[in-house]
>>> print(open('start_11.txt').read())   # compact mmCIF, C-alpha atoms and all ligand atoms
# COMPACT_ATOMS: atom_id res chain seq x y z
CA MET J 208 -25.82 -20.86 -12.34
CA LYS J 209 -26.39 -17.97 -14.70
CA ILE J 210 -29.40 -15.69 -14.27
CA PHE J 211 -31.22 -14.30 -17.27
CA LEU J 212 -34.21 -11.96 -17.07
CA ASP J 213 -37.28 -13.12 -19.02
CA THR J 214 -38.65 -9.79 -20.19
CA ALA J 215 -38.51 -7.02 -22.78
CA ASN J 216 -39.22 -4.39 -20.13
CA LEU J 217 -36.36 -1.88 -20.22
CA GLU J 218 -36.99 -0.50 -16.74
CA SER J 219 -36.70 -3.95 -15.16
CA ILE J 220 -33.66 -4.80 -17.24
CA LYS J 221 -31.87 -1.62 -16.13
CA LYS J 222 -32.92 -2.10 -12.49
CA PHE J 223 -31.49 -5.62 -12.12
CA ASN J 224 -28.53 -4.98 -14.39
CA ASP J 225 -27.45 -2.12 -12.10
CA MET J 226 -27.36 -4.68 -9.25
CA GLY J 227 -25.01 -6.87 -11.28
CA LEU J 228 -27.48 -9.75 -11.34
CA LEU J 229 -27.99 -10.29 -15.04
CA ASP J 230 -25.98 -12.65 -17.23
CA GLY J 231 -28.42 -12.31 -20.12
CA ILE J 232 -31.98 -11.77 -21.34
CA THR J 233 -34.63 -13.95 -22.94
CA THR J 234 -37.57 -12.54 -24.87
CA ASN J 235 -40.38 -14.03 -26.89
CA PRO J 236 -43.16 -12.59 -29.08
CA SER J 237 -45.60 -12.51 -26.14
CA LEU J 238 -43.15 -10.55 -23.97
CA MET J 239 -42.52 -8.10 -26.84
CA SER J 240 -46.24 -7.69 -27.37
CA LYS J 241 -46.77 -6.99 -23.64
CA GLU J 242 -44.46 -3.95 -23.86
CA GLY J 243 -46.20 -2.56 -26.97
CA GLY J 244 -44.49 -0.11 -29.34
CA ASN J 245 -41.99 -1.14 -31.98
CA PRO J 246 -40.08 -4.25 -30.87
CA LYS J 247 -37.09 -3.09 -32.92
CA ASP J 248 -36.51 -0.25 -30.45
CA ALA J 249 -36.62 -2.66 -27.50
CA MET J 250 -34.25 -5.08 -29.24
CA GLU J 251 -31.80 -2.30 -29.99
CA GLU J 252 -31.88 -0.98 -26.40
CA ILE J 253 -31.67 -4.40 -24.72
CA THR J 254 -28.66 -5.48 -26.77
CA LYS J 255 -26.98 -2.18 -25.91
CA ILE J 256 -27.58 -2.49 -22.14
CA ILE J 257 -26.77 -6.19 -21.75
CA LYS J 258 -23.32 -7.54 -22.56
CA GLY J 259 -24.32 -11.21 -22.11
CA ASP J 260 -26.51 -13.36 -24.35
CA VAL J 261 -29.83 -11.87 -25.49
CA SER J 262 -32.30 -14.34 -26.99
CA LEU J 263 -34.47 -12.80 -29.72
CA GLU J 264 -37.10 -15.06 -31.24
CA VAL J 265 -38.00 -15.59 -34.89
CA ILE J 266 -41.66 -15.34 -35.94
CA SER J 267 -41.47 -17.41 -39.13
CA THR J 268 -42.36 -21.05 -38.85
CA GLU J 269 -40.59 -22.25 -41.99
CA TYR J 270 -36.86 -22.70 -42.50
CA SER J 271 -36.03 -19.95 -45.01
CA GLY J 272 -38.04 -17.33 -43.10
CA MET J 273 -36.31 -18.32 -39.86
CA MET J 274 -32.90 -17.99 -41.53
CA GLU J 275 -33.73 -14.52 -42.89
CA GLU J 276 -35.15 -13.28 -39.60
CA GLY J 277 -32.35 -14.80 -37.54
CA LYS J 278 -29.74 -13.02 -39.64
CA ARG J 279 -31.62 -9.73 -39.26
CA LEU J 280 -31.85 -10.26 -35.50
CA ARG J 281 -28.10 -10.84 -35.33
CA GLN J 282 -27.56 -7.33 -36.67
CA TYR J 283 -28.57 -5.99 -33.26
CA GLY J 284 -25.34 -7.38 -31.80
CA ASP J 285 -22.88 -10.24 -31.54
CA ASN J 286 -24.50 -11.20 -28.25
CA VAL J 287 -27.82 -12.05 -29.97
CA VAL J 288 -28.86 -15.68 -29.64
CA VAL J 289 -31.42 -16.66 -32.27
CA LYS J 290 -34.40 -18.30 -30.62
CA VAL J 291 -36.25 -20.87 -32.73
CA PRO J 292 -39.19 -23.08 -31.87
CA MET J 293 -38.78 -26.83 -31.32
CA THR J 294 -40.10 -27.92 -34.73
CA PRO J 295 -38.49 -29.78 -37.65
CA ASP J 296 -37.88 -26.45 -39.43
CA GLY J 297 -36.58 -24.98 -36.17
CA LEU J 298 -34.05 -27.81 -35.85
CA LYS J 299 -32.95 -27.36 -39.46
CA ALA J 300 -32.45 -23.64 -38.84
CA CYS J 301 -30.63 -24.47 -35.59
CA ARG J 302 -28.27 -26.71 -37.53
CA SER J 303 -27.59 -24.04 -40.18
CA PHE J 304 -27.10 -21.19 -37.71
CA SER J 305 -24.81 -23.19 -35.44
CA SER J 306 -22.66 -24.38 -38.34
CA GLU J 307 -22.19 -20.68 -39.18
CA GLY J 308 -21.17 -20.00 -35.57
CA ILE J 309 -24.47 -18.28 -34.69
CA PRO J 310 -25.73 -19.36 -31.25
CA VAL J 311 -29.27 -20.75 -31.03
CA ASN J 312 -31.76 -21.17 -28.22
CA VAL J 313 -34.36 -23.85 -28.99
CA THR J 314 -37.56 -22.90 -27.20
CA LEU J 315 -40.84 -24.59 -26.29
CA ILE J 316 -39.15 -27.78 -25.06
CA PHE J 317 -41.50 -30.03 -23.11
CA SER J 318 -39.76 -33.43 -23.21
CA ALA J 319 -36.31 -34.93 -22.75
CA ASN J 320 -36.42 -36.25 -26.32
CA GLN J 321 -36.96 -32.75 -27.67
CA ALA J 322 -34.01 -31.49 -25.60
CA LEU J 323 -31.80 -34.29 -26.90
CA LEU J 324 -32.70 -33.54 -30.53
CA ALA J 325 -32.11 -29.80 -30.10
CA ALA J 326 -28.71 -30.54 -28.57
CA LYS J 327 -27.85 -32.85 -31.49
CA SER J 328 -28.77 -30.01 -33.89
CA GLY J 329 -26.15 -27.82 -32.22
CA ALA J 330 -28.25 -25.61 -29.92
CA LYS J 331 -26.31 -23.47 -27.45
CA TYR J 332 -29.35 -23.51 -25.16
CA VAL J 333 -32.43 -25.66 -24.75
CA SER J 334 -35.36 -24.00 -23.01
CA PRO J 335 -37.61 -26.46 -21.14
CA PHE J 336 -40.79 -24.69 -19.94
CA ILE J 337 -41.32 -26.02 -16.42
CA GLY J 338 -44.19 -23.79 -15.22
CA ARG J 339 -46.37 -24.71 -18.19
CA LEU J 340 -45.79 -28.42 -17.43
CA ASP J 341 -46.69 -27.85 -13.76
CA ASP J 342 -49.82 -26.02 -14.98
CA ILE J 343 -51.08 -29.19 -16.69
CA GLY J 344 -50.29 -31.46 -13.74
CA GLN J 345 -46.88 -32.70 -14.93
CA ASP J 346 -43.65 -32.31 -12.97
CA GLY J 347 -41.62 -29.61 -14.72
CA MET J 348 -38.58 -29.99 -12.46
CA LYS J 349 -38.44 -33.72 -13.17
CA LEU J 350 -37.87 -32.80 -16.83
CA ILE J 351 -34.86 -30.65 -15.82
CA GLN J 352 -33.41 -33.57 -13.85
CA ASP J 353 -33.97 -35.94 -16.81
CA ILE J 354 -32.27 -33.59 -19.28
CA LYS J 355 -29.38 -33.03 -16.86
CA ASP J 356 -28.90 -36.81 -16.42
CA ILE J 357 -28.95 -37.39 -20.17
CA PHE J 358 -26.53 -34.56 -21.00
CA LYS J 359 -24.16 -35.79 -18.25
CA ASN J 360 -23.92 -39.14 -20.04
CA TYR J 361 -22.71 -37.46 -23.23
CA PRO J 362 -20.05 -34.85 -22.42
CA GLU J 363 -19.62 -34.14 -26.14
CA LEU J 364 -22.99 -32.33 -26.01
CA LYS J 365 -22.12 -28.78 -25.02
CA THR J 366 -25.73 -27.53 -24.95
CA GLN J 367 -26.75 -25.60 -21.83
CA ILE J 368 -30.00 -26.18 -19.96
CA LEU J 369 -31.87 -22.88 -19.72
CA VAL J 370 -34.77 -23.38 -17.32
CA ALA J 371 -37.74 -21.35 -18.59
CA SER J 372 -41.32 -20.64 -17.55
CA ILE J 373 -40.27 -20.21 -13.92
CA ARG J 374 -43.11 -19.24 -11.63
CA HIS J 375 -41.60 -18.80 -8.13
CA PRO J 376 -38.33 -18.77 -6.12
CA VAL J 377 -38.57 -22.46 -5.14
CA HIS J 378 -38.19 -23.33 -8.82
CA VAL J 379 -34.88 -21.44 -8.79
CA VAL J 380 -33.48 -23.29 -5.77
CA ASP J 381 -34.52 -26.65 -7.22
CA ALA J 382 -32.99 -25.84 -10.62
CA ALA J 383 -29.73 -24.82 -8.91
CA LYS J 384 -29.66 -28.06 -6.87
CA ILE J 385 -29.98 -30.06 -10.08
CA GLY J 386 -27.15 -28.03 -11.63
CA ALA J 387 -29.06 -26.31 -14.44
CA ASP J 388 -26.82 -23.94 -16.38
CA VAL J 389 -29.23 -20.98 -16.55
CA VAL J 390 -32.56 -19.86 -15.12
CA THR J 391 -34.55 -17.18 -16.90
CA LEU J 392 -36.68 -15.26 -14.44
CA PRO J 393 -39.68 -12.96 -14.68
CA PRO J 394 -38.81 -9.70 -12.83
CA ALA J 395 -41.39 -10.51 -10.10
CA VAL J 396 -39.57 -13.75 -9.21
CA LEU J 397 -36.22 -11.98 -8.97
CA ASP J 398 -37.82 -9.36 -6.71
CA LYS J 399 -39.16 -12.09 -4.42
CA MET J 400 -35.77 -13.84 -4.24
CA MET J 401 -34.26 -10.76 -2.58
CA LEU J 402 -36.78 -10.60 0.24
CA HIS J 403 -36.90 -12.26 3.65
CA PRO J 404 -39.09 -11.03 6.55
CA LEU J 405 -36.18 -11.42 9.01
CA THR J 406 -34.00 -9.15 6.86
CA LYS J 407 -36.68 -6.46 7.02
CA ILE J 408 -37.23 -6.82 10.79
CA GLY J 409 -33.48 -7.00 11.44
CA LEU J 410 -32.83 -3.76 9.58
CA GLU J 411 -35.71 -1.97 11.35
CA ASN J 412 -34.23 -3.03 14.72
CA PHE J 413 -30.72 -1.89 13.80
CA LEU J 414 -32.03 1.54 12.80
CA ALA J 415 -34.18 1.90 15.94
CA ASP J 416 -31.16 1.07 18.13
CA TRP J 417 -29.03 3.58 16.21
CA ASP J 418 -31.68 6.25 16.79
CA LYS J 419 -31.53 5.52 20.54
CA LEU J 420 -27.76 6.08 20.51
CA LYS J 421 -28.18 9.25 18.47
CA SER J 422 -30.80 10.71 20.79
CA GLY J 423 -28.10 10.91 23.51
CA ASN J 424 -25.40 12.21 21.08
CA PRO J 425 -27.06 14.17 18.23
CA ASN J 426 -23.70 14.92 16.50
CA ILE J 427 -22.74 11.29 16.07
CA LYS J 428 -21.91 10.21 12.49
CA ILE J 429 -20.37 7.15 10.87
C1 LIG L 1 -38.55 -18.53 -22.12
O1 LIG L 1 -37.65 -18.19 -22.86
C2 LIG L 1 -39.92 -18.02 -22.22
O2 LIG L 1 -39.81 -16.69 -22.65
C3 LIG L 1 -40.66 -18.00 -20.92
O3 LIG L 1 -39.87 -18.47 -19.84
C4 LIG L 1 -42.04 -18.56 -20.97
O4 LIG L 1 -42.62 -18.43 -19.72
P1 LIG L 1 -44.22 -18.43 -19.46
O5 LIG L 1 -44.65 -19.86 -19.42
O6 LIG L 1 -44.36 -17.76 -18.14
O7 LIG L 1 -44.84 -17.67 -20.59
>>> encode(input="start_11.txt", output="structure tokens", more="lines below")
Ligand code: E4P
Amino acid sequence: MKIFLDTANLESIKKFNDMGLLDGITTNPSLMSKEGGNPKDAMEEITKIIKGDVSLEVISTEYSGMMEEGKRLRQYGDNVVVKVPMTPDGLKACRSFSSEGIPVNVTLIFSANQALLAAKSGAKYVSPFIGRLDDIGQDGMKLIQDIKDIFKNYPELKTQILVASIRHPVHVVDAAKIGADVVTLPPAVLDKMMLHPLTKIGLENFLADWDKLKSGNPNIKI
């Protein structure tokens, strides 16, 4: 399963990229707004740092505006995936971009039918938002299972399931068990995935034991 980071924060992107954990990045207008400044600078930097797919979202809601913006976004790099909303105009733009060989991520997917339509329009990725479904008392992970089952029935659909709106590490394990293609994670979730209390205690014990050995032989080195 690929791991994308769901942020426009350069510090986080560099931090996890240096660990070799990142296959790509997803952004959206809210994430850009959270960082402040000129989003163009962030887009330029992110596409320079990350070799994998970087989703940059259009702001226009009608077809021709989406096409113009998408083409401008692609100038940041060949790894830019144009992110369009799951609307009739978004699907039309998805169709046009994909027939020109430009990869598209269809975002704001909340049903299996929406995922199926986005796949038919040629999307490289569909982004079902599981946390926001959980927030309103629906089962977000069930949607991932449904989409996976449907796509499995039609191997000609090459669209990847990009699990979005992830809230905690259990979501990641469940998405991996289902066989989702990608998870996009807020930095805080990726931080939590690295931690286990027994790892911390184990390391403290190793170092304390080493100190005991060293107290008898101060010149000891590895
Ligand atoms: C996905 O591409 C979106 O940017 C994101 O996962 C939305 O998550 P949220 O529901 O936490 O805003």
>>> closest_atom_pairs(input="start_11.txt", of="chain J", to="ligand LIG 1 (chain L)", cutoff="8 Å", atoms="only C-alpha atoms and all ligand atoms", output="Markdown table")
| residue | atom | partner | partner_atom | distance |
| --- | --- | --- | --- | --- |
| J:Asp213 | CA | L:LIG1 | O2 | 5.7 |
| J:Thr214 | CA | L:LIG1 | O2 | 7.4 |
| J:Thr233 | CA | L:LIG1 | O1 | 5.2 |
| J:Thr234 | CA | L:LIG1 | O2 | 5.2 |
| J:Asn235 | CA | L:LIG1 | O2 | 5.0 |
| J:Ser237 | CA | L:LIG1 | O7 | 7.6 |
| J:Leu238 | CA | L:LIG1 | O2 | 7.1 |
| J:Ser262 | CA | L:LIG1 | O1 | 7.8 |
| J:Thr314 | CA | L:LIG1 | O1 | 6.4 |
| J:Leu315 | CA | L:LIG1 | C1 | 7.7 |
| J:Ser334 | CA | L:LIG1 | O1 | 6.2 |
| J:Phe336 | CA | L:LIG1 | O5 | 6.2 |
| J:Ile337 | CA | L:LIG1 | O5 | 7.6 |
| J:Gly338 | CA | L:LIG1 | O5 | 5.8 |
| J:Arg339 | CA | L:LIG1 | O5 | 5.3 |
| J:Val370 | CA | L:LIG1 | O3 | 7.5 |
| J:Ala371 | CA | L:LIG1 | O3 | 3.8 |
| J:Ser372 | CA | L:LIG1 | O4 | 3.4 |
| J:Ile373 | CA | L:LIG1 | O3 | 6.2 |
| J:Arg374 | CA | L:LIG1 | O6 | 6.8 |
| J:Thr391 | CA | L:LIG1 | O3 | 6.2 |
| J:Leu392 | CA | L:LIG1 | O3 | 7.0 |
| J:Pro393 | CA | L:LIG1 | O6 | 7.5 |
>>> closest_residue(input="start_11.txt", among="J:Asn424, J:Ile354, J:Phe223, J:Val289", to="Gly386 in chain J", atoms="only C-alpha atoms")
J:Ile354
>>> residues_around(input="start_11.txt", residues="Thr294 in chain J", least_positions_apart="4", cutoff="9 Å", atoms="all atoms listed in the file", output="tab-separated table (two decimals) with C-alpha atoms, in the frame of the given file")
chain	number	residue	atom	x	y	z
J	268	THR	CA	-42.36	-21.05	-38.85
J	298	LEU	CA	-34.05	-27.81	-35.85
J	299	LYS	CA	-32.95	-27.36	-39.46
>>> atom_distance(input="start_11.txt", atom1="CA of Gly284 in chain J", atom2="CA of Val389 in chain J")
20.8 Å
>>> residues_near_point(input="start_11.txt", point="(-28.7, -14.8, -34.4)", cutoff="9 Å", atoms="all atoms listed in the file", output="MDAnalysis selection string")
chainID J and resid 262:264 274 276:290 304 309:311
>>> residues_around(input="start_11.txt", residues="Asp248 in chain J", least_positions_apart="6", cutoff="12 Å", atoms="only C-alpha atoms", output="PyMOL selection string")
chain J and resi 215-217+239+242+254-255+283
>>> residues_near_point(input="start_11.txt", point="(-41.9, -31.2, -25.4)", cutoff="12 Å", atoms="all atoms listed in the file", output="list in words")
Pro292, Met293, Thr294, Val313, Thr314, Leu315, Ile316, Phe317, Ser318, Ala319, Asn320, Gln321, Ala322, Leu323, Leu324, Ala325, Val333, Ser334, Pro335, Phe336, Ile337, Arg339, Leu340, Gln345, Gly347, Leu350, Ile351 and Ile354 of chain J
>>> atom_distance(input="start_11.txt", atom1="CA of Val265 in chain J", atom2="CA of Gln352 in chain J")
28.1 Å
>>> atom_distance(input="start_11.txt", atom1="CA of Ala249 in chain J", atom2="CA of Ala387 in chain J")
28.1 Å
>>> closest_residue(input="start_11.txt", among="J:Glu411, J:Trp417, J:Pro236, J:Asp381", to="Ile429 in chain J", atoms="all atoms listed in the file")
J:Trp417
>>> closest_residue(input="start_11.txt", among="J:Glu363, J:His378, J:Pro246, J:Asp230", to="Asp341 in chain J", atoms="all atoms listed in the file")
J:His378
>>> closest_residue(input="start_11.txt", among="J:Ser422, J:Asp296, J:Met348, J:Ala415", to="Val380 in chain J", atoms="only C-alpha atoms")
J:Met348
>>> axis_aligned_box(input="start_11.txt", around="range 366-374 of chain J", padding_each_side="8 Å", output="AutoDock Vina command-line options")
--center_x -34.4 --center_y -23.4 --center_z -18.3 --size_x 33.4 --size_y 24.3 --size_z 29.3
>>> closest_residue(input="start_11.txt", among="J:Ile385, J:Leu369, J:Val390, J:Ile253", to="Ile210 in chain J", atoms="only C-alpha atoms")
J:Val390
>>> decode(input="start_11.txt", residues="range 316-370 of chain J", atoms="C-alpha atoms", output="mmCIF file, in the first residue's frame")
data_model
loop_
_atom_site.group_PDB
_atom_site.id
_atom_site.type_symbol
_atom_site.label_atom_id
_atom_site.label_comp_id
_atom_site.auth_asym_id
_atom_site.auth_seq_id
_atom_site.Cartn_x
_atom_site.Cartn_y
_atom_site.Cartn_z
ATOM 1 C CA ILE J 316 -16.213 10.768 -2.878
ATOM 2 C CA PHE J 317 -18.801 9.594 -0.366
ATOM 3 C CA SER J 318 -20.518 6.685 -2.155
ATOM 4 C CA ALA J 319 -19.633 3.618 -4.198
ATOM 5 C CA ASN J 320 -21.647 4.995 -7.118
ATOM 6 C CA GLN J 321 -19.555 8.160 -7.160
ATOM 7 C CA ALA J 322 -16.374 6.051 -7.151
ATOM 8 C CA LEU J 323 -17.664 3.943 -10.027
ATOM 9 C CA LEU J 324 -18.513 7.013 -12.119
ATOM 10 C CA ALA J 325 -15.138 8.645 -11.445
ATOM 11 C CA ALA J 326 -13.406 5.427 -12.494
ATOM 12 C CA LYS J 327 -15.486 5.306 -15.698
ATOM 13 C CA SER J 328 -14.395 8.897 -16.439
ATOM 14 C CA GLY J 329 -10.774 7.759 -16.360
ATOM 15 C CA ALA J 330 -9.623 8.879 -12.888
ATOM 16 C CA LYS J 331 -6.216 7.611 -11.785
ATOM 17 C CA TYR J 332 -7.370 7.921 -8.165
ATOM 18 C CA VAL J 333 -10.691 8.120 -6.370
ATOM 19 C CA SER J 334 -10.582 9.697 -2.923
ATOM 20 C CA PRO J 335 -13.304 8.393 -0.575
ATOM 21 C CA PHE J 336 -13.394 10.485 2.633
ATOM 22 C CA ILE J 337 -13.832 7.930 5.407
ATOM 23 C CA GLY J 338 -13.389 10.128 8.506
ATOM 24 C CA ARG J 339 -16.100 12.540 7.400
ATOM 25 C CA LEU J 340 -18.491 9.581 6.924
ATOM 26 C CA ASP J 341 -17.608 8.258 10.394
ATOM 27 C CA ASP J 342 -18.246 11.783 11.727
ATOM 28 C CA ILE J 343 -21.889 11.617 10.592
ATOM 29 C CA GLY J 344 -22.457 8.104 11.941
ATOM 30 C CA GLN J 345 -21.822 6.188 8.698
ATOM 31 C CA ASP J 346 -19.191 3.474 8.294
ATOM 32 C CA GLY J 347 -16.381 4.976 6.216
ATOM 33 C CA MET J 348 -14.380 1.741 6.014
ATOM 34 C CA LYS J 349 -17.411 -0.122 4.682
ATOM 35 C CA LEU J 350 -17.309 2.259 1.697
ATOM 36 C CA ILE J 351 -13.673 1.274 1.030
ATOM 37 C CA GLN J 352 -14.636 -2.412 1.108
ATOM 38 C CA ASP J 353 -17.576 -1.768 -1.272
ATOM 39 C CA ILE J 354 -15.415 0.133 -3.761
ATOM 40 C CA LYS J 355 -12.722 -2.560 -3.579
ATOM 41 C CA ASP J 356 -15.304 -5.310 -4.242
ATOM 42 C CA ILE J 357 -16.755 -3.420 -7.204
ATOM 43 C CA PHE J 358 -13.376 -2.603 -8.787
ATOM 44 C CA LYS J 359 -12.304 -6.254 -8.365
ATOM 45 C CA ASN J 360 -15.259 -7.318 -10.518
ATOM 46 C CA TYR J 361 -14.076 -5.115 -13.392
ATOM 47 C CA PRO J 362 -10.322 -5.525 -13.910
ATOM 48 C CA GLU J 363 -10.486 -3.156 -16.887
ATOM 49 C CA LEU J 364 -10.931 -0.298 -14.379
ATOM 50 C CA LYS J 365 -7.393 0.735 -13.490
ATOM 51 C CA THR J 366 -8.434 3.426 -10.979
ATOM 52 C CA GLN J 367 -6.684 3.292 -7.603
ATOM 53 C CA ILE J 368 -8.490 3.651 -4.279
ATOM 54 C CA LEU J 369 -6.888 6.496 -2.328
ATOM 55 C CA VAL J 370 -8.302 6.391 1.200
#
